[in-house]
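Working notes for the structure below.
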Amino acid sequence: MTTRILPAAGDADAARSIVALLSQLPDAEPAPPVPDSTSLLDALGRLAADSVDELPEVVLVHERIGPVPALELVREVALRFPAVGVVLLSSDTGPGVFSAAMDSGARGLVGLPLHYEELATRVGAAAQWSAGVRRHLGRGAEAVSGPGGRVVTVTGAKGGVGTTFTAVQFALAAAASGRRTALVDLDLQAGDVGSYLDVQFRRSIADLAGIQDISPRVLQDAVYEDRTGLALLLAPAEGERGEDLDERATRQVLSALRARYELVVVDCGTQVTGANATAVEQADVAVLVTTPDVVAVRAAKRMVRMWERLQVRKAEDTSMVVNRWSKHTEIQPSLIEKITRTRPTRTPVPAAFKELQGVVDAGRVQDLDNRSTVKQALWALAGELGLLSAPEQGSAVPARASAGSALAVRAAGPVARLRRGREG
C-alpha cells in the first residue's frame, strides 16, 4: 500500500532533508512540504472537503513549524482530521516531550537529526493506524473528517458597524434551524452580548483562562443556557479580567466548544488582541463587518492587512459583510471588495435602524420581528455562509483553523509577532 505523507516544516533546509529521506522509504509518496501551520491546515481542509480518502495517511510536523506551537498544531490536526496519523519531529525526545506529544494526539515522535530506521518505523506505524481507523469508519468517515463543530468569527472593521448584532443574529438563525449553537463574547473589555439578550450571569469566559484541561463539566459551569436555545459564553463584567485569556487558553476554549456544539459563533469585537486573533486564525469562517463609508472601509482594509502581517488570515479567506447598505450609497460592495481584496457576500444588510431601535433599547434583540428587512438579510447571510446546515462538499467557504510552532508550552502569539516585526 502506498503511504501518502505530508511534511510541514518552516525551515527550507529541514524540509529538503525530510523529503529526501522520505523518498527513500518503500511505497512512500511524499507530498511537497508546507511551510507553516496555516498552509498545512488549509491543505488538509481542502482535501477533506472532497473525501477523507484524499487525506494523507501521515503528517509530519517539524518542531520549528510556525507561527504557533508545534504541539498545538499536532492537537489541532488530530482533532480536525482524526483519520490522519501525526508524527512529531523534535530535537528533544525526552519523556516530558514524548508524554506531551502523545497527550496532543501524536502517533509517534522522531528525533532530530532524522535517521532512516527510526523514521521508517514511526511513519509505518502511523500509516497502519490511519488505515485501521479508515477501515473502521468505512464510508461514514466523511462525516468526521473535520472538527466536531464549526467556528465562525464576526469582527468589526471599527466600533459601531453592527458587529455584535450581526453575531447574535447569526447564532439565533443557526439555533432556529435546529443546530446546537454556542455564542461566545470575545470582546473581552466591552462585550455586549449579554446586554443584547437581557442576560446576567456570574460566570464568564475568563473563568476558563487558568484551566489546563477543560472538561465538559467545567465548560457547562461557565456556559449560560439561554431560553433562545443558545449556549452563551459571556465576556467578563470586569474588563481587566480579559487579560487573563491568552492565545493558548483561547484555543483550549474553542476546542472544547467544538467538541460539544455544532456551531460556535464568536463575537471578536473591533480590537485585535491575542485572544481574538487566535479565534480568527482558528475559525472555519471569518466574517468582517463594515459599513459603506470611507472611514469604515479604510478600517476594514487596515484590519485585513494586519491579519495578513500577523499570519492570522489571508484577505481572500475573509468574508465581508456590508451593513447599512442602500442602492444610493456611493461606496458599493463591489468597490469594498476591490479595496480590501476580501471575499464578498451576496446579501448586503439594509440601512433600517428604525426596525431595530425598540429591541436594541430593550436589550431583547431575540424579539426582533420576522418582517424586519435587517433580520431577513442577516438570516439569509447565515444561510449563505453555511451556518444553518452542514456545509456541502465543495462549498465556497473553506475549512481552516490554527495551530502550532515551537515546542514551548507558551509561544508568542499573533500580537507579539507584530510587535517583533515593528521592533526589527
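Identifiers for the C-alpha cells are assigned positionally: chains receive A, B, ... in sequence, residues are indexed from 1 per chain, and ligands are indexed from 1 in the order shown.
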Selection: 9 Å around Ala175 (chain A), only C-alpha atoms, excl. self and same-chain fewer than 5 positions, as a ChimeraX atom specification: /A:170,180-182,228-230,263,388
Preceding selection exported with N, CA, C and O atoms as a PDB file, in the first residue's frame:
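Ended up saving to again-v5.pdb:
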```pdb
ATOM      1  N   PHE A 170     -26.717  35.810  13.654  1.00  0.00           N
ATOM      2  CA  PHE A 170     -26.195  34.580  13.053  1.00  0.00           C
ATOM      3  C   PHE A 170     -26.454  33.394  13.990  1.00  0.00           C
ATOM      4  O   PHE A 170     -26.891  32.318  13.554  1.00  0.00           O
ATOM      5  N   ARG A 180     -27.263  22.911  17.272  1.00  0.00           N
ATOM      6  CA  ARG A 180     -26.846  23.202  18.652  1.00  0.00           C
ATOM      7  C   ARG A 180     -25.750  24.251  18.565  1.00  0.00           C
ATOM      8  O   ARG A 180     -24.651  23.992  18.058  1.00  0.00           O
ATOM      9  N   THR A 181     -26.025  25.454  19.071  1.00  0.00           N
ATOM     10  CA  THR A 181     -25.186  26.611  18.794  1.00  0.00           C
ATOM     11  C   THR A 181     -24.708  27.275  20.073  1.00  0.00           C
ATOM     12  O   THR A 181     -25.476  27.466  21.021  1.00  0.00           O
ATOM     13  N   ALA A 182     -23.433  27.644  20.091  1.00  0.00           N
ATOM     14  CA  ALA A 182     -22.854  28.426  21.179  1.00  0.00           C
ATOM     15  C   ALA A 182     -22.496  29.808  20.645  1.00  0.00           C
ATOM     16  O   ALA A 182     -22.022  29.946  19.513  1.00  0.00           O
ATOM     17  N   THR A 228     -33.475  31.152  24.435  1.00  0.00           N
ATOM     18  CA  THR A 228     -33.499  31.216  22.971  1.00  0.00           C
ATOM     19  C   THR A 228     -32.964  29.930  22.343  1.00  0.00           C
ATOM     20  O   THR A 228     -33.067  29.753  21.127  1.00  0.00           O
ATOM     21  N   GLY A 229     -32.355  29.061  23.159  1.00  0.00           N
ATOM     22  CA  GLY A 229     -31.716  27.856  22.635  1.00  0.00           C
ATOM     23  C   GLY A 229     -30.224  28.009  22.477  1.00  0.00           C
ATOM     24  O   GLY A 229     -29.534  27.038  22.156  1.00  0.00           O
ATOM     25  N   LEU A 230     -29.711  29.220  22.711  1.00  0.00           N
ATOM     26  CA  LEU A 230     -28.275  29.464  22.583  1.00  0.00           C
ATOM     27  C   LEU A 230     -27.553  29.129  23.876  1.00  0.00           C
ATOM     28  O   LEU A 230     -28.079  29.344  24.981  1.00  0.00           O
ATOM     29  N   LEU A 263     -22.161  24.422  16.059  1.00  0.00           N
ATOM     30  CA  LEU A 263     -21.703  25.713  15.548  1.00  0.00           C
ATOM     31  C   LEU A 263     -21.318  26.596  16.724  1.00  0.00           C
ATOM     32  O   LEU A 263     -22.022  26.665  17.721  1.00  0.00           O
ATOM     33  N   LEU A 388     -26.447  27.452   8.675  1.00  0.00           N
ATOM     34  CA  LEU A 388     -27.739  26.868   9.023  1.00  0.00           C
ATOM     35  C   LEU A 388     -27.777  25.369   8.817  1.00  0.00           C
ATOM     36  O   LEU A 388     -28.702  24.704   9.263  1.00  0.00           O
TER      37      LEU A 388
END
```
Hey, what does DSSP flag as strand (DSSP E or B) within region 104-224 of chain A? Can you give it to me as a compact mmCIF listing (two decimals) with all heavy atoms, in the first residue's frame?
```txt
# COMPACT_ATOMS: atom_id res chain seq x y z
N GLY A 108 3.41 9.31 17.03
CA GLY A 108 4.81 8.95 17.13
C GLY A 108 5.67 10.19 17.31
O GLY A 108 5.24 11.31 17.04
N LEU A 109 6.89 9.97 17.80
CA LEU A 109 7.87 11.04 18.00
C LEU A 109 9.19 10.58 17.40
O LEU A 109 9.69 9.50 17.74
CB LEU A 109 8.03 11.35 19.49
CG LEU A 109 9.11 12.37 19.88
CD1 LEU A 109 8.74 13.75 19.35
CD2 LEU A 109 9.26 12.41 21.41
N VAL A 110 9.75 11.39 16.50
CA VAL A 110 11.01 11.05 15.84
C VAL A 110 12.04 12.11 16.19
O VAL A 110 11.76 13.31 16.11
CB VAL A 110 10.84 10.96 14.31
CG1 VAL A 110 12.18 10.66 13.64
CG2 VAL A 110 9.81 9.90 13.96
N GLY A 111 13.23 11.66 16.59
CA GLY A 111 14.27 12.60 16.98
C GLY A 111 14.96 13.26 15.80
O GLY A 111 15.03 12.70 14.70
N ARG A 150 -18.25 23.67 13.82
CA ARG A 150 -17.59 24.73 13.05
C ARG A 150 -17.54 26.01 13.87
O ARG A 150 -18.42 26.28 14.69
CB ARG A 150 -18.35 24.99 11.74
CG ARG A 150 -18.47 23.76 10.87
CD ARG A 150 -19.26 24.07 9.61
NE ARG A 150 -18.47 24.82 8.66
CZ ARG A 150 -18.96 25.75 7.84
NH1 ARG A 150 -20.23 26.08 7.91
NH2 ARG A 150 -18.18 26.36 6.98
N VAL A 151 -16.49 26.79 13.65
CA VAL A 151 -16.32 28.07 14.34
C VAL A 151 -16.42 29.19 13.31
O VAL A 151 -15.75 29.16 12.28
CB VAL A 151 -14.97 28.15 15.06
CG1 VAL A 151 -14.72 29.56 15.60
CG2 VAL A 151 -14.90 27.13 16.20
N VAL A 152 -17.29 30.16 13.58
CA VAL A 152 -17.39 31.35 12.74
C VAL A 152 -17.12 32.56 13.62
O VAL A 152 -17.71 32.71 14.70
CB VAL A 152 -18.76 31.47 12.04
CG1 VAL A 152 -19.91 31.39 13.02
CG2 VAL A 152 -18.85 32.77 11.24
N THR A 153 -16.19 33.41 13.21
CA THR A 153 -15.89 34.62 13.95
C THR A 153 -16.51 35.82 13.23
O THR A 153 -16.55 35.86 12.00
CB THR A 153 -14.37 34.85 14.08
OG1 THR A 153 -13.77 34.84 12.78
CG2 THR A 153 -13.74 33.76 14.93
N VAL A 154 -16.97 36.78 14.01
CA VAL A 154 -17.53 38.02 13.47
C VAL A 154 -16.74 39.17 14.08
O VAL A 154 -16.74 39.36 15.30
CB VAL A 154 -19.03 38.16 13.81
CG1 VAL A 154 -19.60 39.42 13.18
CG2 VAL A 154 -19.81 36.93 13.34
N THR A 155 -16.06 39.93 13.22
CA THR A 155 -15.20 41.02 13.65
C THR A 155 -15.66 42.31 12.98
O THR A 155 -16.08 42.29 11.83
CB THR A 155 -13.73 40.74 13.27
OG1 THR A 155 -13.35 39.45 13.77
CG2 THR A 155 -12.80 41.80 13.81
N GLY A 156 -15.57 43.41 13.70
CA GLY A 156 -15.96 44.69 13.15
C GLY A 156 -14.76 45.46 12.64
O GLY A 156 -13.68 45.45 13.25
N THR A 181 -26.02 25.45 19.07
CA THR A 181 -25.19 26.61 18.79
C THR A 181 -24.71 27.27 20.07
O THR A 181 -25.48 27.47 21.02
CB THR A 181 -25.97 27.65 17.96
OG1 THR A 181 -26.44 27.02 16.77
CG2 THR A 181 -25.09 28.83 17.59
N ALA A 182 -23.43 27.64 20.09
CA ALA A 182 -22.85 28.43 21.18
C ALA A 182 -22.50 29.81 20.65
O ALA A 182 -22.02 29.95 19.51
CB ALA A 182 -21.61 27.75 21.74
N LEU A 183 -22.73 30.83 21.46
CA LEU A 183 -22.37 32.20 21.12
C LEU A 183 -21.37 32.69 22.16
O LEU A 183 -21.66 32.72 23.35
CB LEU A 183 -23.62 33.09 21.11
CG LEU A 183 -23.41 34.59 20.88
CD1 LEU A 183 -22.70 34.86 19.56
CD2 LEU A 183 -24.74 35.33 20.93
N VAL A 184 -20.18 33.06 21.69
CA VAL A 184 -19.07 33.43 22.57
C VAL A 184 -18.80 34.93 22.42
O VAL A 184 -18.64 35.42 21.30
CB VAL A 184 -17.79 32.64 22.23
CG1 VAL A 184 -16.66 33.00 23.18
CG2 VAL A 184 -18.08 31.14 22.27
N ASP A 185 -18.72 35.63 23.54
CA ASP A 185 -18.39 37.06 23.51
C ASP A 185 -16.90 37.20 23.81
O ASP A 185 -16.46 37.12 24.95
CB ASP A 185 -19.21 37.82 24.55
CG ASP A 185 -19.18 39.32 24.31
OD1 ASP A 185 -18.29 39.78 23.58
OD2 ASP A 185 -20.05 40.03 24.85
N TYR A 224 -24.00 29.71 29.89
CA TYR A 224 -25.37 30.01 30.26
C TYR A 224 -26.30 29.49 29.17
O TYR A 224 -26.18 29.89 28.00
CB TYR A 224 -25.56 31.52 30.43
CG TYR A 224 -26.99 31.93 30.77
CD1 TYR A 224 -27.47 31.84 32.07
CD2 TYR A 224 -27.85 32.39 29.78
CE1 TYR A 224 -28.77 32.21 32.39
CE2 TYR A 224 -29.15 32.76 30.08
CZ TYR A 224 -29.61 32.68 31.39
OH TYR A 224 -30.88 33.04 31.69
```
Selection near Leu368 (chain A), 8 Å with only C-alpha atoms, sequence-local residues under 5 positions removed, as an MDAnalysis selection string: chainID A and resid 356 359 375
Give me a file of those residues, with C-alpha atoms, as a PDB file, in the first residue's frame.
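See out-v8.pdb below for the written result:
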```pdb
ATOM      1  CA  LEU A 356     -34.079  47.683  15.450  1.00  0.00           C
ATOM      2  CA  VAL A 359     -35.488  45.762  20.645  1.00  0.00           C
ATOM      3  CA  LYS A 375     -33.253  40.314  10.231  1.00  0.00           C
TER       4      LYS A 375
END
```
Residue neighbourhood region 210-219 of chain A, 12 Å, only C-alpha atoms, exclusion window fewer than 5 positions, as a PyMOL selection string: chain A and resi 103-104+182+203-205+224-225+231-233+241-261+409
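Nearest to Gly85 (chain A) of all the residues A:Val322, A:Ile5, A:Ala377, A:Val161 is A:Ile5, counting only C-alpha atoms.
Considering only C-alpha atoms, the residue among A:Asp226, A:Glu337, A:Asp36, A:Glu262 positioned nearest to Val321 (chain A) is A:Glu337.
Going from CA of Asp284 (chain A) to CA of Ala171 (chain A) covers 15.0 Å.
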Per residue of region 81-130 of chain A within 12 Å of region 41-65 of chain A, record the nearest atom pair and its distance in Å to one decimal, counting only C-alpha atoms, with rows in chain order and ascending residue number, as CSV.
```
residue,atom,partner,partner_atom,distance
A:Phe81,CA,A:Leu44,CA,7.9
A:Pro82,CA,A:Val52,CA,9.7
A:Ala83,CA,A:Glu57,CA,7.5
A:Val84,CA,A:Glu57,CA,5.3
A:Gly85,CA,A:Val58,CA,4.7
A:Val86,CA,A:Val59,CA,4.9
A:Val87,CA,A:Leu60,CA,4.9
A:Leu88,CA,A:Val61,CA,4.9
A:Leu89,CA,A:His62,CA,4.8
A:Ser90,CA,A:Glu63,CA,5.2
A:Ser91,CA,A:Glu63,CA,7.7
A:Asp92,CA,A:Glu63,CA,9.2
A:Thr93,CA,A:Glu63,CA,11.2
A:Val97,CA,A:Glu63,CA,11.0
A:Ala101,CA,A:Val61,CA,10.9
A:Ala106,CA,A:Val61,CA,9.6
A:Arg107,CA,A:Val58,CA,9.3
A:Gly108,CA,A:Leu60,CA,9.5
A:Leu109,CA,A:Leu60,CA,9.6
A:Val110,CA,A:Leu60,CA,9.4
A:Gly111,CA,A:Glu63,CA,10.1
A:Leu112,CA,A:His62,CA,9.2
A:Pro113,CA,A:His62,CA,11.0
A:Leu114,CA,A:His62,CA,10.9
A:Leu119,CA,A:Leu60,CA,10.1
A:Ala120,CA,A:Val58,CA,11.7
A:Arg122,CA,A:Val58,CA,9.8
A:Val123,CA,A:Val58,CA,6.8
A:Gly124,CA,A:Val58,CA,8.9
A:Ala125,CA,A:Val58,CA,9.6
A:Ala126,CA,A:Val58,CA,6.3
A:Ala127,CA,A:Glu57,CA,5.4
A:Gln128,CA,A:Glu57,CA,8.5
A:Trp129,CA,A:Glu57,CA,8.8
A:Ser130,CA,A:Glu57,CA,5.7
```
Backbone-only DSSP, helix (DSSP H, G or I) members of region 249-330 of chain A, as an NGL selection string: :A and (249-260 or 274-282 or 294-309 or 315-317)
Quick one: write out the picked residues with N, CA and C atoms as a CSV table (one decimal), in the first residue's frame?
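Result saved to selection-v5.csv:
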```csv
chain,number,residue,atom,x,y,z
A,249,ALA,N,-5.2,29.7,26.1
A,249,ALA,CA,-6.5,29.5,26.7
A,249,ALA,C,-7.6,29.6,25.7
A,250,THR,N,-7.5,30.5,24.7
A,250,THR,CA,-8.5,30.7,23.7
A,250,THR,C,-8.6,29.4,22.8
A,251,ARG,N,-7.5,28.8,22.5
A,251,ARG,CA,-7.5,27.6,21.7
A,251,ARG,C,-8.2,26.5,22.4
A,252,GLN,N,-7.9,26.4,23.7
A,252,GLN,CA,-8.5,25.3,24.5
A,252,GLN,C,-10.0,25.5,24.7
A,253,VAL,N,-10.4,26.7,24.9
A,253,VAL,CA,-11.9,27.0,25.0
A,253,VAL,C,-12.6,26.7,23.7
A,254,LEU,N,-12.0,27.1,22.6
A,254,LEU,CA,-12.7,26.9,21.3
A,254,LEU,C,-12.7,25.4,20.9
A,255,SER,N,-11.6,24.7,21.3
A,255,SER,CA,-11.6,23.2,21.0
A,255,SER,C,-12.6,22.5,21.9
A,256,ALA,N,-12.8,23.0,23.1
A,256,ALA,CA,-13.8,22.3,24.0
A,256,ALA,C,-15.2,22.6,23.4
A,257,LEU,N,-15.4,23.8,22.9
A,257,LEU,CA,-16.7,24.2,22.4
A,257,LEU,C,-17.0,23.4,21.1
A,258,ARG,N,-16.0,23.3,20.3
A,258,ARG,CA,-16.1,22.5,19.0
A,258,ARG,C,-16.6,21.1,19.3
A,259,ALA,N,-16.1,20.5,20.4
A,259,ALA,CA,-16.4,19.1,20.7
A,259,ALA,C,-17.8,19.0,21.2
A,260,ARG,N,-18.5,20.1,21.6
A,260,ARG,CA,-19.8,20.0,22.2
A,260,ARG,C,-20.9,20.5,21.4
A,274,GLY,N,-4.5,39.1,21.4
A,274,GLY,CA,-4.0,37.8,21.2
A,274,GLY,C,-5.2,36.8,21.2
A,275,ALA,N,-6.2,37.0,22.0
A,275,ALA,CA,-7.3,36.0,22.1
A,275,ALA,C,-8.1,36.0,20.8
A,276,ASN,N,-8.6,37.2,20.4
A,276,ASN,CA,-9.5,37.2,19.2
A,276,ASN,C,-8.7,37.0,17.9
A,277,ALA,N,-7.4,37.3,17.9
A,277,ALA,CA,-6.6,37.0,16.7
A,277,ALA,C,-6.5,35.5,16.6
A,278,THR,N,-6.3,34.8,17.7
A,278,THR,CA,-6.3,33.3,17.7
A,278,THR,C,-7.6,32.7,17.2
A,279,ALA,N,-8.7,33.3,17.7
A,279,ALA,CA,-10.0,32.8,17.2
A,279,ALA,C,-10.2,33.0,15.7
A,280,VAL,N,-9.8,34.1,15.2
A,280,VAL,CA,-9.9,34.3,13.7
A,280,VAL,C,-9.0,33.3,13.0
A,281,GLU,N,-7.8,33.1,13.5
A,281,GLU,CA,-6.9,32.2,12.9
A,281,GLU,C,-7.5,30.8,12.9
A,282,GLN,N,-8.2,30.4,13.9
A,282,GLN,CA,-8.7,29.1,14.1
A,282,GLN,C,-10.1,28.8,13.4
A,294,VAL,N,-16.3,55.9,4.0
A,294,VAL,CA,-14.9,55.9,3.8
A,294,VAL,C,-14.1,55.5,5.1
A,295,VAL,N,-14.5,56.0,6.2
A,295,VAL,CA,-13.8,55.7,7.4
A,295,VAL,C,-13.8,54.2,7.8
A,296,ALA,N,-15.0,53.6,7.7
A,296,ALA,CA,-15.2,52.2,8.0
A,296,ALA,C,-14.4,51.3,6.9
A,297,VAL,N,-14.5,51.6,5.7
A,297,VAL,CA,-13.8,50.8,4.7
A,297,VAL,C,-12.3,50.9,4.8
A,298,ARG,N,-11.8,52.1,5.2
A,298,ARG,CA,-10.4,52.2,5.5
A,298,ARG,C,-10.0,51.3,6.7
A,299,ALA,N,-10.9,51.3,7.7
A,299,ALA,CA,-10.6,50.5,8.9
A,299,ALA,C,-10.6,49.0,8.5
A,300,ALA,N,-11.6,48.6,7.6
A,300,ALA,CA,-11.6,47.2,7.1
A,300,ALA,C,-10.3,46.8,6.4
A,301,LYS,N,-9.9,47.7,5.6
A,301,LYS,CA,-8.6,47.4,4.9
A,301,LYS,C,-7.5,47.3,5.8
A,302,ARG,N,-7.4,48.2,6.8
A,302,ARG,CA,-6.4,48.1,7.9
A,302,ARG,C,-6.5,46.8,8.6
A,303,MET,N,-7.7,46.4,8.9
A,303,MET,CA,-7.8,45.1,9.7
A,303,MET,C,-7.3,43.9,8.9
A,304,VAL,N,-7.7,43.8,7.6
A,304,VAL,CA,-7.3,42.6,6.9
A,304,VAL,C,-5.7,42.6,6.6
A,305,ARG,N,-5.2,43.8,6.4
A,305,ARG,CA,-3.7,43.9,6.3
A,305,ARG,C,-3.0,43.5,7.5
A,306,MET,N,-3.6,43.9,8.7
A,306,MET,CA,-3.0,43.5,10.0
A,306,MET,C,-3.0,42.0,10.1
A,307,TRP,N,-4.2,41.4,9.8
A,307,TRP,CA,-4.3,39.9,9.9
A,307,TRP,C,-3.3,39.2,9.0
A,308,GLU,N,-3.0,39.8,7.8
A,308,GLU,CA,-2.0,39.2,6.9
A,308,GLU,C,-0.6,39.3,7.5
A,309,ARG,N,-0.3,40.5,8.1
A,309,ARG,CA,1.0,40.7,8.6
A,309,ARG,C,1.3,39.7,9.8
A,315,ALA,N,-6.6,37.8,3.2
A,315,ALA,CA,-7.8,38.7,2.9
A,315,ALA,C,-8.8,37.9,2.1
A,316,GLU,N,-8.3,37.1,1.2
A,316,GLU,CA,-9.2,36.3,0.3
A,316,GLU,C,-10.0,35.2,1.0
A,317,ASP,N,-9.5,34.9,2.3
A,317,ASP,CA,-10.2,33.9,3.1
A,317,ASP,C,-11.2,34.5,4.1
```
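Among the candidate residues A:Leu73, A:Pro67, A:Thr121, A:Val34, the one lying nearest to Val312 (chain A) is A:Pro67, with distances computed using only C-alpha atoms.
For the set A:Pro26, A:Asp11, A:Leu387, A:Arg364, the residue with the smallest atom-to-atom gap to Asp198 (chain A) is A:Arg364, counting only C-alpha atoms.
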Shortest interatomic distance to Leu71 (chain A) - which of A:Pro7, A:Ala100, A:Gly162, A:Arg135, counting only C-alpha atoms: A:Ala100
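The coordinates place CA of Val199 (chain A) at 10.2 Å from CA of Arg227 (chain A).
Counting only C-alpha atoms and comparing A:Arg80, A:Lys158, A:Arg75, A:Arg202, the residue that lies closest to Thr270 (chain A) is A:Lys158.
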